[in-house]
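Shown next: data.csv, containing CSV, C-alpha atoms.
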chain,number,residue,atom,x,y,z
A,1,MET,CA,19.1,42.5,-5.8
A,2,PHE,CA,18.3,39.4,-3.6
A,3,THR,CA,16.8,37.3,-6.4
A,4,ARG,CA,19.8,37.9,-8.7
A,5,GLY,CA,22.2,36.9,-5.9
A,6,PHE,CA,20.2,33.9,-5.1
A,7,PHE,CA,20.2,32.6,-8.7
A,8,ARG,CA,23.9,33.3,-9.2
A,9,THR,CA,24.5,30.7,-6.5
A,10,ILE,CA,22.9,28.1,-8.7
A,11,PRO,CA,24.3,28.9,-12.2
A,12,LYS,CA,24.0,25.4,-13.6
A,13,ILE,CA,20.2,25.5,-13.5
A,14,PRO,CA,18.7,26.4,-16.9
A,15,ARG,CA,17.3,29.9,-17.3
A,16,PHE,CA,13.7,28.8,-17.8
A,17,ILE,CA,13.8,26.8,-14.5
A,18,LYS,CA,15.2,29.8,-12.7
A,19,TYR,CA,12.4,32.0,-13.9
A,20,THR,CA,9.8,29.3,-13.1
A,21,LEU,CA,11.2,29.2,-9.6
A,22,LEU,CA,11.0,33.0,-9.4
A,23,ALA,CA,7.4,32.9,-10.6
A,24,LEU,CA,6.4,30.3,-8.1
A,25,MET,CA,8.1,32.3,-5.3
A,26,LEU,CA,6.1,35.4,-6.3
A,27,PHE,CA,2.9,33.5,-6.6
A,28,ALA,CA,3.4,32.0,-3.1
A,29,ALA,CA,4.1,35.5,-1.7
A,30,VAL,CA,0.9,36.9,-3.2
A,31,ASP,CA,-1.1,33.9,-2.2
A,32,VAL,CA,0.0,34.1,1.4
A,33,GLY,CA,0.0,37.9,1.5
A,34,ARG,CA,-3.6,38.4,0.6
A,35,TYR,CA,-4.6,36.8,4.0
A,36,ALA,CA,-3.2,40.0,5.7
A,37,PHE,CA,-6.4,41.7,4.3
A,38,THR,CA,-9.0,39.0,3.7
A,39,PRO,CA,-11.2,37.6,4.9
A,40,ASP,CA,-12.9,40.2,7.1
A,41,ILE,CA,-12.5,39.1,10.7
A,42,ALA,CA,-14.3,42.0,12.3
A,43,PRO,CA,-17.9,40.5,12.1
A,44,LEU,CA,-16.7,37.7,14.4
A,45,VAL,CA,-16.5,40.1,17.3
A,46,LYS,CA,-20.2,39.9,17.7
A,47,LYS,CA,-21.6,37.4,15.2
A,48,PRO,CA,-21.2,33.6,15.0
A,49,PRO,CA,-19.4,32.5,11.9
A,50,ALA,CA,-21.1,31.1,8.9
A,51,LYS,CA,-20.5,27.5,7.7
A,52,THR,CA,-16.7,26.9,8.1
A,53,ALA,CA,-14.2,25.8,5.5
A,54,PHE,CA,-13.9,22.5,7.3
A,55,MET,CA,-17.7,22.0,7.2
A,56,LYS,CA,-17.7,22.7,3.5
A,57,HIS,CA,-14.8,20.3,3.0
A,58,ALA,CA,-16.8,17.6,4.8
A,59,GLU,CA,-19.8,18.2,2.6
A,60,LYS,CA,-17.6,17.9,-0.5
A,61,ARG,CA,-16.2,14.6,0.8
A,62,TRP,CA,-19.6,13.2,1.4
A,63,GLU,CA,-20.7,14.3,-2.0
A,64,ASP,CA,-17.7,12.6,-3.6
A,65,GLN,CA,-18.5,9.4,-1.6
A,66,ASP,CA,-22.2,9.6,-2.6
A,67,ARG,CA,-23.3,9.8,1.0
A,68,ASN,CA,-26.5,11.5,2.0
A,69,LYS,CA,-25.2,13.2,5.2
A,70,LYS,CA,-25.7,16.6,6.8
A,71,ILE,CA,-23.8,18.8,9.2
A,72,THR,CA,-25.0,18.7,12.9
A,73,TRP,CA,-24.2,22.1,14.4
A,74,LYS,CA,-25.7,24.2,17.1
A,75,TRP,CA,-24.2,27.5,18.4
A,76,VAL,CA,-24.1,28.1,22.1
A,77,PRO,CA,-22.6,31.0,24.1
A,78,ILE,CA,-19.6,30.1,26.2
A,79,SER,CA,-21.6,31.1,29.3
A,80,ARG,CA,-23.8,28.0,28.6
A,81,VAL,CA,-20.8,25.6,28.3
A,82,SER,CA,-19.7,23.6,31.4
A,83,LYS,CA,-16.7,25.1,33.0
A,84,TYR,CA,-15.2,21.6,33.0
A,85,ALA,CA,-15.5,21.5,29.2
A,86,VAL,CA,-13.9,24.9,28.8
A,87,ALA,CA,-11.0,23.8,31.1
A,88,ALA,CA,-10.6,20.4,29.6
A,89,VAL,CA,-10.4,21.7,26.0
A,90,VAL,CA,-7.7,24.3,26.9
A,91,ILE,CA,-5.7,21.7,28.9
A,92,ALA,CA,-5.9,19.2,26.1
A,93,GLU,CA,-5.3,21.4,23.1
A,94,ASP,CA,-3.4,24.5,24.2
A,95,ASP,CA,-2.5,24.8,27.9
A,96,LYS,CA,-0.8,28.1,27.4
A,97,PHE,CA,-3.7,29.6,25.5
A,98,TRP,CA,-4.5,32.4,28.0
A,99,GLY,CA,-0.9,33.6,28.0
A,100,HIS,CA,0.4,33.5,24.4
A,101,SER,CA,-0.3,35.8,21.5
A,102,GLY,CA,-1.5,33.2,19.1
A,103,PHE,CA,1.7,31.0,18.8
A,104,ASP,CA,3.4,28.6,21.2
A,105,LEU,CA,6.9,28.8,19.9
A,106,GLU,CA,8.2,26.2,22.3
A,107,ALA,CA,5.6,23.7,21.4
A,108,MET,CA,6.3,24.3,17.7
A,109,ARG,CA,10.0,23.8,18.2
A,110,LYS,CA,9.5,20.5,20.0
A,111,ALA,CA,7.0,19.3,17.4
A,112,LEU,CA,9.3,20.2,14.6
A,113,GLY,CA,12.3,18.5,16.4
A,114,HIS,CA,10.2,15.4,16.8
A,115,ASP,CA,9.2,15.4,13.2
A,116,ILE,CA,12.8,15.7,12.0
A,117,ILE,CA,13.8,12.8,14.2
A,118,GLU,CA,10.9,10.7,12.8
A,119,GLY,CA,11.9,11.7,9.3
A,120,ARG,CA,8.6,13.5,8.5
A,121,ILE,CA,7.1,16.9,8.3
A,122,LYS,CA,4.0,17.1,10.4
A,123,PHE,CA,4.0,20.8,11.4
A,124,GLY,CA,2.6,20.2,14.9
A,125,GLY,CA,2.4,22.5,17.9
A,126,SER,CA,-0.7,24.5,16.8
A,127,THR,CA,-2.5,26.7,19.3
A,128,ILE,CA,-6.2,27.0,19.6
A,129,THR,CA,-6.0,30.2,17.7
A,130,GLN,CA,-4.2,28.5,14.8
A,131,GLN,CA,-6.6,25.6,14.9
A,132,LEU,CA,-9.6,28.0,14.8
A,133,VAL,CA,-8.4,30.0,11.7
A,134,LYS,CA,-7.6,26.7,10.0
A,135,ASN,CA,-11.2,25.4,10.7
A,136,LEU,CA,-12.8,28.7,9.7
A,137,TYR,CA,-10.9,29.6,6.5
A,138,LEU,CA,-8.4,27.0,5.3
A,139,SER,CA,-8.1,23.3,4.4
A,140,PRO,CA,-7.0,20.2,6.3
A,141,SER,CA,-3.8,20.0,4.2
A,142,ARG,CA,-0.4,20.2,5.9
A,143,ASN,CA,1.5,22.0,3.1
A,144,PRO,CA,3.9,24.8,4.1
A,145,LEU,CA,1.9,27.5,2.3
A,146,ARG,CA,-1.2,26.7,4.3
A,147,LYS,CA,0.8,26.9,7.5
A,148,LEU,CA,2.0,30.4,6.5
A,149,LYS,CA,-1.6,31.5,5.8
A,150,GLU,CA,-2.6,30.1,9.1
A,151,ALA,CA,0.1,32.1,10.9
A,152,VAL,CA,-1.0,35.4,9.2
A,153,LEU,CA,-4.7,34.8,10.1
A,154,ALA,CA,-3.8,33.8,13.7
A,155,TRP,CA,-1.9,37.0,14.1
A,156,ARG,CA,-4.9,39.0,12.8
A,157,ILE,CA,-7.5,37.2,14.9
A,158,GLU,CA,-5.5,37.6,18.1
A,159,ARG,CA,-5.5,41.4,17.5
A,160,THR,CA,-9.2,41.5,16.6
A,161,LEU,CA,-10.9,39.2,19.1
A,162,THR,CA,-10.6,38.7,22.9
A,163,LYS,CA,-9.2,35.4,24.2
A,164,ARG,CA,-12.7,34.5,25.5
A,165,ARG,CA,-14.3,35.1,22.1
A,166,ILE,CA,-11.6,33.1,20.3
A,167,LEU,CA,-12.3,30.2,22.7
A,168,GLU,CA,-16.0,30.6,22.4
A,169,ILE,CA,-15.9,30.3,18.6
A,170,TYR,CA,-13.5,27.4,18.7
A,171,LEU,CA,-15.7,25.4,21.0
A,172,ASN,CA,-18.6,26.0,18.6
A,173,VAL,CA,-16.9,25.0,15.3
A,174,VAL,CA,-14.4,22.3,16.2
A,175,GLU,CA,-15.3,18.8,14.9
A,176,TRP,CA,-16.3,16.1,17.4
A,177,GLY,CA,-17.3,13.3,15.0
A,178,ASP,CA,-18.1,12.9,11.3
A,179,GLY,CA,-20.4,15.8,10.7
A,180,VAL,CA,-20.7,16.8,14.4
A,181,TYR,CA,-19.5,20.3,15.0
A,182,GLY,CA,-19.4,22.3,18.2
A,183,ILE,CA,-19.6,21.4,21.9
A,184,GLU,CA,-23.4,21.6,22.0
A,185,ALA,CA,-23.9,19.2,19.2
A,186,ALA,CA,-21.3,16.8,20.6
A,187,SER,CA,-22.9,16.9,24.1
A,188,ARG,CA,-26.3,16.1,22.7
A,189,ARG,CA,-24.9,13.4,20.4
A,190,TYR,CA,-22.8,11.5,22.9
A,191,TYR,CA,-24.4,12.2,26.2
A,192,SER,CA,-28.0,13.3,25.5
A,193,LYS,CA,-27.5,16.5,27.4
A,194,THR,CA,-26.6,20.2,26.9
A,195,ALA,CA,-23.0,21.5,27.0
A,196,ALA,CA,-23.8,23.2,30.3
A,197,GLU,CA,-24.6,19.9,31.9
A,198,LEU,CA,-21.3,18.0,31.1
A,199,THR,CA,-19.5,16.4,34.0
A,200,PRO,CA,-15.8,16.7,34.5
A,201,MET,CA,-15.1,13.2,33.1
A,202,GLU,CA,-17.4,13.7,30.1
A,203,ALA,CA,-15.7,17.0,29.4
A,204,ALA,CA,-12.3,15.3,29.6
A,205,MET,CA,-13.4,12.5,27.3
A,206,LEU,CA,-14.7,15.0,24.7
A,207,ALA,CA,-11.5,17.0,24.8
A,208,SER,CA,-9.5,13.8,24.2
A,209,VAL,CA,-11.4,13.1,21.0
A,210,ILE,CA,-10.5,16.5,19.3
A,211,PRO,CA,-7.2,15.5,17.6
A,212,SER,CA,-9.0,12.5,15.8
A,213,PRO,CA,-12.7,13.1,15.9
A,214,ARG,CA,-13.6,10.6,13.2
A,215,ARG,CA,-11.4,7.9,14.7
A,216,TYR,CA,-12.5,8.0,18.4
A,217,ASN,CA,-15.9,7.8,19.9
A,218,PRO,CA,-16.4,9.1,23.5
A,219,ASN,CA,-19.1,6.5,24.0
A,220,LYS,CA,-16.7,3.7,23.1
A,221,PRO,CA,-13.4,4.7,24.5
A,222,GLY,CA,-10.4,2.4,24.0
A,223,LYS,CA,-7.3,2.3,26.1
A,224,TYR,CA,-5.8,5.4,24.6
A,225,LEU,CA,-8.9,7.5,25.0
A,226,ARG,CA,-9.4,6.4,28.6
A,227,LYS,CA,-5.8,7.2,29.4
A,228,ARG,CA,-5.9,10.6,27.8
A,229,ALA,CA,-9.2,11.5,29.5
A,230,GLY,CA,-7.8,10.4,32.8
A,231,GLN,CA,-4.8,12.6,32.4
A,232,ILE,CA,-6.9,15.6,31.6
A,233,TYR,CA,-9.2,14.9,34.6
A,234,TYR,CA,-6.2,14.5,36.9
A,235,ILE,CA,-4.9,18.0,35.8
A,236,MET,CA,-8.3,19.6,36.4
A,237,LYS,CA,-8.5,18.0,39.8
A,238,LYS,CA,-5.0,19.0,40.7
A,239,ARG,CA,-5.7,22.6,39.7
A,240,GLY,CA,-8.9,22.7,41.8
A,241,ILE,CA,-11.3,22.9,38.8
A,242,VAL,CA,-13.0,19.6,39.9
A,243,GLY,CA,-14.5,19.8,43.3
A,244,GLN,CA,-15.2,23.5,43.5
Show me the file's structure as structure tokens.
Amino acid sequence: MFTRGFFRTIPKIPRFIKYTLLALMLFAAVDVGRYAFTPDIAPLVKKPPAKTAFMKHAEKRWEDQDRNKKITWKWVPISRVSKYAVAAVVIAEDDKFWGHSGFDLEAMRKALGHDIIEGRIKFGGSTITQQLVKNLYLSPSRNPLRKLKEAVLAWRIERTLTKRRILEIYLNVVEWGDGVYGIEAASRRYYSKTAAELTPMEAAMLASVIPSPRRYNPNKPGKYLRKRAGQIYYIMKKRGIVGQ
């Protein structure tokens, strides 16, 4: 039996610690395994999601801080989102989105290698699909169990929804500022226009904010944000997305 063989390799550990480790391993397996069946992803095929886990987490944070703040969120179909915004977000967050099955193994390998060199565990390299399930169902924590749950849910959602639908939901639930969720709310907040009216540079600027939406403001871009937006704009132009 695997567990017996495993524990024979560490005979100096007291028995109660061995059984505690076994119990923790079983708990982790059950905790992660349940995401193979729940939550029910099927309704997302046609219906917008309800309030996401990240939105609820924000509300709890505001409550703890005794802040009277509310979520700003407005659903919009992807057909009413600027093509520049769609392209900019994919370029910025997951340029292999249309070709992978939920995971970018090369990006994950590079991110892990960088984290090892830096002496930290950051667990980078997440795809749009992984980011979506994290936003919908999980927490902002970076612990290994959450990453395993994220992987299970990403595998399920890629087999339930089309790529276009995954991207549509992602654009509508991702955070673009403290309490600002979705491309429509972000467009109205920062540029006083709808998501359909975003220009290429506005789209590039919004896409640049996604990794740290509470740190950066598209209306007050610093050196980093201008550089990042410029890179995204350059790629869109090079690929013929701008100027069509």
- Message: Which residues are near Glu93 (chain A)? Cut-off 8 Å, all atoms listed in the file, ignore same chain within fewer than 5 positions. Put them as a ChimeraX atom specification.
- Response: /A:127-128,207
- Item | Answer as a ChimeraX atom specification, residues within 10 Å of (-2.6, 37.7, 21.4) using all atoms listed in the file | /A:97-103,129,154-163
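Distance annotation: of A:Ala88, A:Pro140, A:Ala195, A:Met236, the residue with the minimal separation from Ser208 (chain A) is A:Ala88; atom set is all atoms listed in the file.
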- Note on the structure: What separates CA of Lys46 (chain A) and CA of Lys96 (chain A) is a distance of 24.7 Å
- Query: Could you list as an MDAnalysis selection string every residue that has an atom within 12 Å of (-10.1, 29.3, 15.2), using the file's coordinates and counting only C-alpha atoms?
  - Reply: chainID A and resid 41 44 48:49 52:54 102 126:138 150:151 153:158 161 163:175
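Closest to Ala186 (chain A) among A:Pro218, A:Pro211, A:Pro77, A:Pro200 is A:Pro218, based on all atoms listed in the file.
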- A straight line from CA of Ala203 (chain A) to CA of Val90 (chain A) spans 11.1 Å
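Our summary of the geometry notes that CA of Ile232 (chain A) is positioned 27.7 Å from CA of Lys147 (chain A).
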- From the set A:Ala58, A:Leu225, A:Val180, A:Ala87, which residue has the shortest atom-to-atom contact distance to Trp75 (chain A), counting only C-alpha atoms? A:Val180
- Which residue of A:Arg61, A:Gly230, A:Gly222, A:Asn143 approaches Glu202 (chain A) most closely, using all atoms listed in the file: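 That would be A:Gly230, the residue with the smallest distance to Glu202 (chain A).
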